[in-house]
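With compact mmCIF, C-alpha atoms inside, this is input-v2.txt:
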# COMPACT_ATOMS: atom_id res chain seq x y z
CA MET A 10 5.96 -24.76 -38.61
CA ALA A 11 5.92 -27.99 -36.54
CA GLU A 12 8.52 -28.03 -33.75
CA THR A 13 8.31 -31.76 -33.00
CA HIS A 14 6.43 -34.79 -34.22
CA THR A 15 5.86 -36.85 -31.07
CA PRO A 16 2.09 -37.14 -30.54
CA PRO A 17 2.09 -37.92 -26.80
CA VAL A 18 3.84 -34.68 -25.84
CA LEU A 19 1.06 -32.25 -26.80
CA PRO A 20 -1.54 -33.62 -24.34
CA ALA A 21 1.09 -33.48 -21.60
CA LEU A 22 1.88 -29.86 -22.42
CA ILE A 23 -1.82 -29.03 -22.41
CA GLU A 24 -2.17 -30.48 -18.91
CA LEU A 25 0.99 -28.68 -17.84
CA SER A 26 -0.46 -25.44 -19.16
CA LYS A 27 -3.62 -25.99 -17.11
CA VAL A 28 -1.61 -26.40 -13.93
CA ASP A 29 0.64 -23.44 -14.70
CA SER A 30 -2.43 -21.29 -15.37
CA LEU A 31 -3.83 -22.27 -11.96
CA LEU A 32 -0.52 -21.47 -10.28
CA PHE A 33 -0.37 -18.14 -12.08
CA GLY A 34 -3.91 -17.33 -10.90
CA ILE A 35 -2.97 -18.12 -7.31
CA GLU A 36 0.09 -15.89 -7.50
CA ILE A 37 -2.01 -13.04 -8.89
CA GLN A 38 -4.48 -13.39 -6.01
CA ARG A 39 -1.64 -13.66 -3.50
CA LYS A 40 0.00 -10.51 -4.87
CA LYS A 41 -3.30 -8.66 -4.74
CA ILE A 42 -3.74 -9.52 -1.07
CA LEU A 43 -0.14 -8.70 -0.18
CA ASP A 44 -0.33 -5.41 -2.08
CA GLU A 45 -3.53 -4.50 -0.23
CA LEU A 46 -1.90 -5.31 3.10
CA ALA A 47 1.14 -3.24 2.16
CA THR A 48 -1.07 -0.32 1.10
CA ARG A 49 -3.04 -0.45 4.36
CA ARG A 50 0.17 -0.72 6.36
CA GLN A 51 1.64 2.29 4.56
CA ALA A 52 -1.53 4.26 5.27
CA ILE A 53 -1.18 3.48 8.98
CA VAL A 54 2.51 4.45 8.99
CA ALA A 55 1.73 7.70 7.16
CA HIS A 56 -1.07 8.50 9.63
CA GLU A 57 1.18 7.69 12.57
CA SER A 58 3.82 10.01 11.14
CA LYS A 59 1.28 12.81 10.77
CA ARG A 60 0.01 12.17 14.28
CA ALA A 61 3.54 12.30 15.67
CA ALA A 62 4.13 15.63 13.91
CA ARG A 63 0.84 17.01 15.25
CA SER A 64 1.68 15.73 18.74
CA LYS A 65 5.08 17.46 18.59
CA GLN A 66 3.37 20.64 17.44
CA LEU A 67 0.98 20.39 20.39
CA GLU A 68 3.84 19.85 22.84
CA ASP A 69 5.67 22.89 21.46
CA LYS A 70 2.54 25.05 21.70
CA ARG A 71 1.88 23.91 25.25
CA ALA A 72 5.47 24.65 26.24
CA ALA A 73 5.32 28.08 24.60
CA CYS A 74 1.98 28.80 26.29
CA LEU A 75 3.25 27.77 29.73
CA LYS A 76 6.45 29.76 29.28
CA GLU A 77 4.55 32.86 28.20
CA GLU A 78 2.02 32.46 31.01
CA LYS A 79 4.82 32.25 33.57
CA SER A 80 6.61 35.26 32.05
CA VAL A 81 3.41 37.34 31.99
CA LYS A 82 2.62 36.40 35.60
CA ASN A 83 6.10 37.45 36.70
CA GLU A 84 5.74 40.75 34.83
CA ARG A 85 2.31 41.32 36.36
CA ASP A 86 3.67 40.61 39.84
CA ARG A 87 6.50 43.11 39.31
CA ILE A 88 4.07 45.74 38.08
CA ASN A 89 1.83 45.22 41.10
CA GLU A 90 4.86 45.46 43.39
CA ARG A 91 5.91 48.65 41.62
CA ARG A 92 2.46 50.14 42.12
CA ARG A 93 2.61 49.40 45.81
CA SER A 94 6.00 51.10 46.04
CA ILE A 95 4.85 54.32 44.33
CA GLY A 96 3.37 55.58 47.59
CA THR A 97 6.82 55.60 49.17
CA LEU A 98 8.12 58.07 46.60
CA ASN A 99 8.26 61.67 47.93
CA ASN A 100 8.70 63.42 44.60
CA TYR A 101 5.40 63.99 42.74
CA LYS A 102 7.02 64.13 39.31
CA VAL A 103 8.86 60.93 39.98
CA GLN A 104 5.56 59.35 41.02
CA GLN A 105 3.89 60.52 37.80
CA ALA A 106 6.72 59.20 35.67
CA ALA A 107 6.58 55.86 37.49
CA GLU A 108 2.82 55.63 36.98
CA ARG A 109 3.17 56.35 33.25
CA GLU A 110 5.85 53.70 32.99
CA ILE A 111 3.64 51.24 34.87
CA ASP A 112 0.67 52.01 32.61
CA PHE A 113 2.80 51.45 29.50
CA VAL A 114 4.18 48.18 30.78
CA ALA A 115 0.66 47.10 31.84
CA LYS A 116 -0.58 47.66 28.27
CA GLN A 117 2.28 45.56 26.94
CA ILE A 118 1.43 42.86 29.42
CA GLY A 119 -2.21 43.04 28.29
CA LYS A 120 -1.12 42.40 24.71
CA ARG A 121 0.98 39.46 25.85
CA GLU A 122 -1.99 38.09 27.77
CA GLU A 123 -4.03 38.23 24.56
CA MET A 124 -1.25 36.31 22.86
CA VAL A 125 -1.39 33.72 25.63
CA LEU A 126 -5.13 33.35 25.06
CA GLY A 127 -4.42 32.83 21.37
CA LEU A 128 -1.88 30.14 22.20
CA MET A 129 -4.40 28.48 24.49
CA ARG A 130 -6.96 28.41 21.67
CA GLU A 131 -4.35 26.89 19.35
CA VAL A 132 -3.57 24.25 21.98
CA GLU A 133 -7.28 23.45 22.29
CA LEU A 134 -7.63 23.03 18.52
CA LEU A 135 -4.52 20.86 18.33
CA GLU A 136 -5.84 18.69 21.16
CA LYS A 137 -9.09 18.27 19.23
CA ASP A 138 -7.18 17.41 16.05
CA LEU A 139 -5.07 14.88 17.94
CA THR A 140 -8.20 13.22 19.31
CA GLU A 141 -9.57 12.95 15.76
CA PHE A 142 -6.23 11.55 14.57
CA ASP A 143 -6.38 8.91 17.30
CA GLY A 144 -9.89 7.94 16.24
CA VAL A 145 -8.94 7.58 12.58
CA LEU A 146 -5.75 5.70 13.47
CA SER A 147 -7.67 3.32 15.70
CA GLY A 148 -10.10 2.64 12.85
CA LEU A 149 -7.27 2.02 10.38
CA GLN A 150 -5.55 -0.36 12.78
CA SER A 151 -8.78 -2.27 13.45
CA GLU A 152 -9.48 -2.60 9.73
CA PHE A 153 -5.91 -3.74 9.11
CA SER A 154 -6.09 -6.34 11.87
CA ALA A 155 -9.31 -7.77 10.44
CA LEU A 156 -7.86 -7.77 6.91
CA GLU A 157 -4.63 -9.36 8.13
CA LYS A 158 -6.59 -12.12 9.85
CA ASP A 159 -8.72 -12.84 6.77
CA SER A 160 -5.66 -12.59 4.54
CA GLY A 161 -3.81 -15.11 6.68
CA VAL A 162 -6.57 -17.64 6.07
CA ALA A 163 -6.60 -16.92 2.32
CA LEU A 164 -2.81 -17.07 2.04
CA ALA A 165 -2.71 -20.38 3.91
CA ASP A 166 -5.28 -21.74 1.44
CA PHE A 167 -3.18 -20.44 -1.47
CA ASP A 168 -0.11 -22.17 -0.04
CA ALA A 169 -1.96 -25.48 0.25
CA ARG A 170 -3.39 -25.26 -3.26
CA SER A 171 -0.08 -24.12 -4.69
CA ALA A 172 1.70 -27.07 -3.09
CA GLU A 173 -0.91 -29.42 -4.56
CA TYR A 174 -0.59 -27.94 -8.04
CA ARG A 175 3.20 -28.00 -7.89
CA ALA A 176 3.08 -31.67 -6.98
CA GLN A 177 0.85 -32.26 -10.01
CA ARG A 178 3.27 -30.23 -12.12
CA ASP A 179 6.21 -32.34 -10.98
CA GLU A 180 4.33 -35.48 -12.00
CA LEU A 181 3.52 -34.05 -15.42
CA LEU A 182 7.14 -33.03 -15.95
CA LYS A 183 8.23 -36.64 -15.57
CA ASN A 184 6.49 -37.40 -18.87
CA VAL A 185 8.22 -34.62 -20.82
CA ALA A 186 11.37 -33.88 -18.82
CA SER A 187 13.74 -34.98 -21.58
CA HIS A 188 11.60 -33.86 -24.51
CA PRO A 189 12.86 -30.89 -26.60
CA ALA A 190 9.32 -29.48 -26.59
CA LEU A 191 9.65 -28.70 -22.88
CA VAL A 192 12.34 -26.13 -23.66
CA ILE A 193 9.96 -24.49 -26.11
CA TYR A 194 7.12 -24.64 -23.59
CA ASN A 195 9.19 -23.11 -20.78
CA ARG A 196 10.25 -20.23 -22.99
CA ILE A 197 6.64 -19.54 -23.98
CA GLN A 198 5.39 -19.99 -20.40
CA SER A 199 7.82 -17.36 -19.12
CA ARG A 200 6.30 -14.91 -21.61
CA TYR A 201 2.67 -15.99 -21.27
CA PRO A 202 2.36 -17.46 -17.75
CA GLN A 203 -1.43 -17.33 -17.83
CA ASN A 204 -1.95 -19.22 -21.09
CA PRO A 205 1.11 -20.70 -22.79
CA VAL A 206 -1.19 -23.12 -24.66
CA VAL A 207 -4.24 -21.72 -26.44
CA GLU A 208 -7.05 -23.20 -28.51
CA VAL A 209 -7.68 -22.77 -32.20
CA MET A 210 -11.06 -21.07 -32.58
CA ASN A 211 -13.24 -21.99 -35.53
CA ARG A 212 -10.38 -24.22 -36.72
CA ASP A 213 -8.57 -21.24 -38.21
CA THR A 214 -7.92 -18.60 -35.52
CA CYS A 215 -5.49 -18.42 -32.58
CA ALA A 216 -7.44 -17.74 -29.36
CA GLY A 217 -4.44 -15.90 -27.96
CA CYS A 218 -3.82 -13.23 -30.59
CA HIS A 219 -6.69 -13.88 -33.04
CA ILE A 220 -4.42 -14.29 -36.03
CA LYS A 221 -5.61 -16.58 -38.82
CA ILE A 222 -3.65 -19.80 -39.24
CA GLY A 223 -3.46 -22.04 -42.30
CA PRO A 224 -5.17 -25.44 -42.70
CA GLN A 225 -1.80 -27.20 -42.71
CA ALA A 226 -1.15 -26.00 -39.16
CA VAL A 227 -4.53 -27.37 -38.07
CA VAL A 228 -3.66 -30.75 -39.58
CA GLN A 229 -0.35 -30.80 -37.72
CA ILE A 230 -2.03 -29.87 -34.43
CA ALA A 231 -4.65 -32.59 -34.94
CA ARG A 232 -1.81 -35.03 -35.52
CA GLY A 233 -0.34 -34.18 -32.13
CA ASP A 234 2.53 -31.97 -33.29
CA VAL A 235 3.68 -29.07 -31.14
CA VAL A 236 2.85 -26.06 -33.32
CA LYS A 237 3.46 -22.46 -32.34
CA CYS A 238 1.19 -19.63 -33.43
CA PRO A 239 2.94 -17.53 -36.11
CA GLY A 240 1.59 -14.41 -34.43
CA CYS A 241 2.05 -14.68 -30.65
CA GLY A 242 4.23 -17.78 -30.50
CA ARG A 243 1.99 -19.72 -28.11
CA ILE A 244 1.54 -23.48 -28.52
CA MET A 245 -1.82 -24.24 -30.12
CA CYS A 246 -4.30 -27.07 -29.54
CA LEU A 247 -7.72 -27.98 -30.86
CA PRO A 248 -10.77 -27.32 -28.67
CA ALA A 249 -11.39 -31.03 -28.06
CA GLU A 250 -7.94 -31.21 -26.52
CA GLY A 251 -8.11 -27.86 -24.79
CA ARG A 252 -9.16 -26.68 -21.41
Can I see the file as structure tokens?
Amino acid sequence: MAETHTPPVLPALIELSKVDSLLFGIEIQRKKILDELATRRQAIVAHESKRAARSKQLEDKRAACLKEEKSVKNERDRINERRRSIGTLNNYKVQQAAEREIDFVAKQIGKREEMVLGLMREVELLEKDLTEFDGVLSGLQSEFSALEKDSGVALADFDARSAEYRAQRDELLKNVASHPALVIYNRIQSRYPQNPVVEVMNRDTCAGCHIKIGPQAVVQIARGDVVKCPGCGRIMCLPAEGR
């Protein structure tokens, strides 16, 4: 079960595991902040897209309303001009027919005027919606700016701490750089970045996967051997040597 029998290497791997655990924790916190920023940014982009669509809808409604208003006004002017010209007609039947035609057209114009009023109400509602969109968007942007500012401070602190821990890691690696156990450690650390080295609880249980280990393994660990858990494969250490 023992991978190597060089006592000094286990304490070095324990210290390396501590540093790697700290680096892993920083990266988790960094990712959490960056993910939150990305989520907030996506929310703003989505809201801006919805606002743009609503703004386009408003522009189209306004254009349709203005066009219809102009068309109705022109029709109303023509009808009024036609009414004024009826008196110049000498034939009574022709006058009656013209009046009936004018009345029919006037009713159609009345319906179109109702449609214009409906369009105006839609424009008013869209304008109200757009104002609400602007308010929500302004709030989202303000919250994002505040979060971005706070995140910048936190990320700068993470960078400083990460640089410090990496410097410590480089120093620790000097002690085990050529040791075969480092290959084992790196393989385990890539699988368990948070805790590649775990304690033996109650002198018979792996703290990583809670599998029972034999007394011989405990003796080897106490001797300073690099021993992997038969269950999870992590390197094990005794509590007195642990973190």
*asked:* For segment 147-150 of chain A, find every residue with an atom within 12 Å (counting only C-alpha atoms), except residues of its own chain fewer than 4 positions away, and show them as a VMD selection string.
replied: chain A and resid 46 48 to 57 60 140 to 143 154 to 157
List as a tab-separated table every residue of segment 109-140 of chain A that is in contact with segment 82-85 of chain A, defined as an atom at most 10 Å from one of its atoms (using only C-alpha atoms), together with the nearest atom pair and the distance in Å rounded to one decimal, sorted by chain and then rising number.
residue	atom	partner	partner_atom	distance
A:Val114	CA	A:Glu84	CA	8.6
A:Ala115	CA	A:Arg85	CA	7.5
A:Gln117	CA	A:Glu84	CA	9.9
A:Ile118	CA	A:Arg85	CA	7.2
A:Gly119	CA	A:Arg85	CA	9.4
A:Glu122	CA	A:Lys82	CA	9.2
_Could you tell me how far atom CA of Val18 of chain A sits from atom CA of Ala169 of chain A, in Å to one decimal place?_
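Interatomic distance here is 28.3 Å.
Straight-line separation from atom CA of Asn195 of chain A to atom CA of Glu24 of chain A: 13.7 Å.
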*Have a look at atom CA of Arg39 of chain A and atom CA of Ala216 of chain A and let me know their distance in Å, one decimal.*
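These atoms are spaced 26.8 Å apart.
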Long-range neighbours of segment 158-162 of chain A as a short mmCIF file (atom, residue, chain, number, x, y, z; two decimals) with C-alpha atoms, in the frame of the given file, 12 Å cut-off, only C-alpha atoms, 2 positions minimum in chain:
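This went into result.cif:
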data_model
loop_
_atom_site.label_atom_id
_atom_site.label_comp_id
_atom_site.auth_asym_id
_atom_site.auth_seq_id
_atom_site.Cartn_x
_atom_site.Cartn_y
_atom_site.Cartn_z
CA GLN A 38 -4.48 -13.39 -6.01
CA ARG A 39 -1.64 -13.66 -3.50
CA LYS A 40 0.00 -10.51 -4.87
CA LYS A 41 -3.30 -8.66 -4.74
CA ILE A 42 -3.74 -9.52 -1.07
CA LEU A 43 -0.14 -8.70 -0.18
CA ASP A 44 -0.33 -5.41 -2.08
CA GLU A 45 -3.53 -4.50 -0.23
CA LEU A 46 -1.90 -5.31 3.10
CA ALA A 47 1.14 -3.24 2.16
CA SER A 151 -8.78 -2.27 13.45
CA GLU A 152 -9.48 -2.60 9.73
CA PHE A 153 -5.91 -3.74 9.11
CA SER A 154 -6.09 -6.34 11.87
CA ALA A 155 -9.31 -7.77 10.44
CA LEU A 156 -7.86 -7.77 6.91
CA LEU A 164 -2.81 -17.07 2.04
CA ALA A 165 -2.71 -20.38 3.91
CA ASP A 166 -5.28 -21.74 1.44
CA PHE A 167 -3.18 -20.44 -1.47
CA ASP A 168 -0.11 -22.17 -0.04
CA ALA A 169 -1.96 -25.48 0.25
#
*Neighbours of segment 238-247 of chain A within 8 Å (all atoms listed in the file; same-chain residues fewer than 6 positions away dropped), as number ranges by chain?*
A: 19, 23, 194, 197, 201, 205-210, 212, 215, 217-218, 220, 222, 227, 230-231
*asked:* Taking 6 positions as the minimum chain separation for residues in the same chain, which residues sit within 12 Å of Ala72 of chain A when counting all atoms listed in the file? Answer as a PyMOL selection string.
replied: chain A and resi 65-66+78-79+125+128-129+132
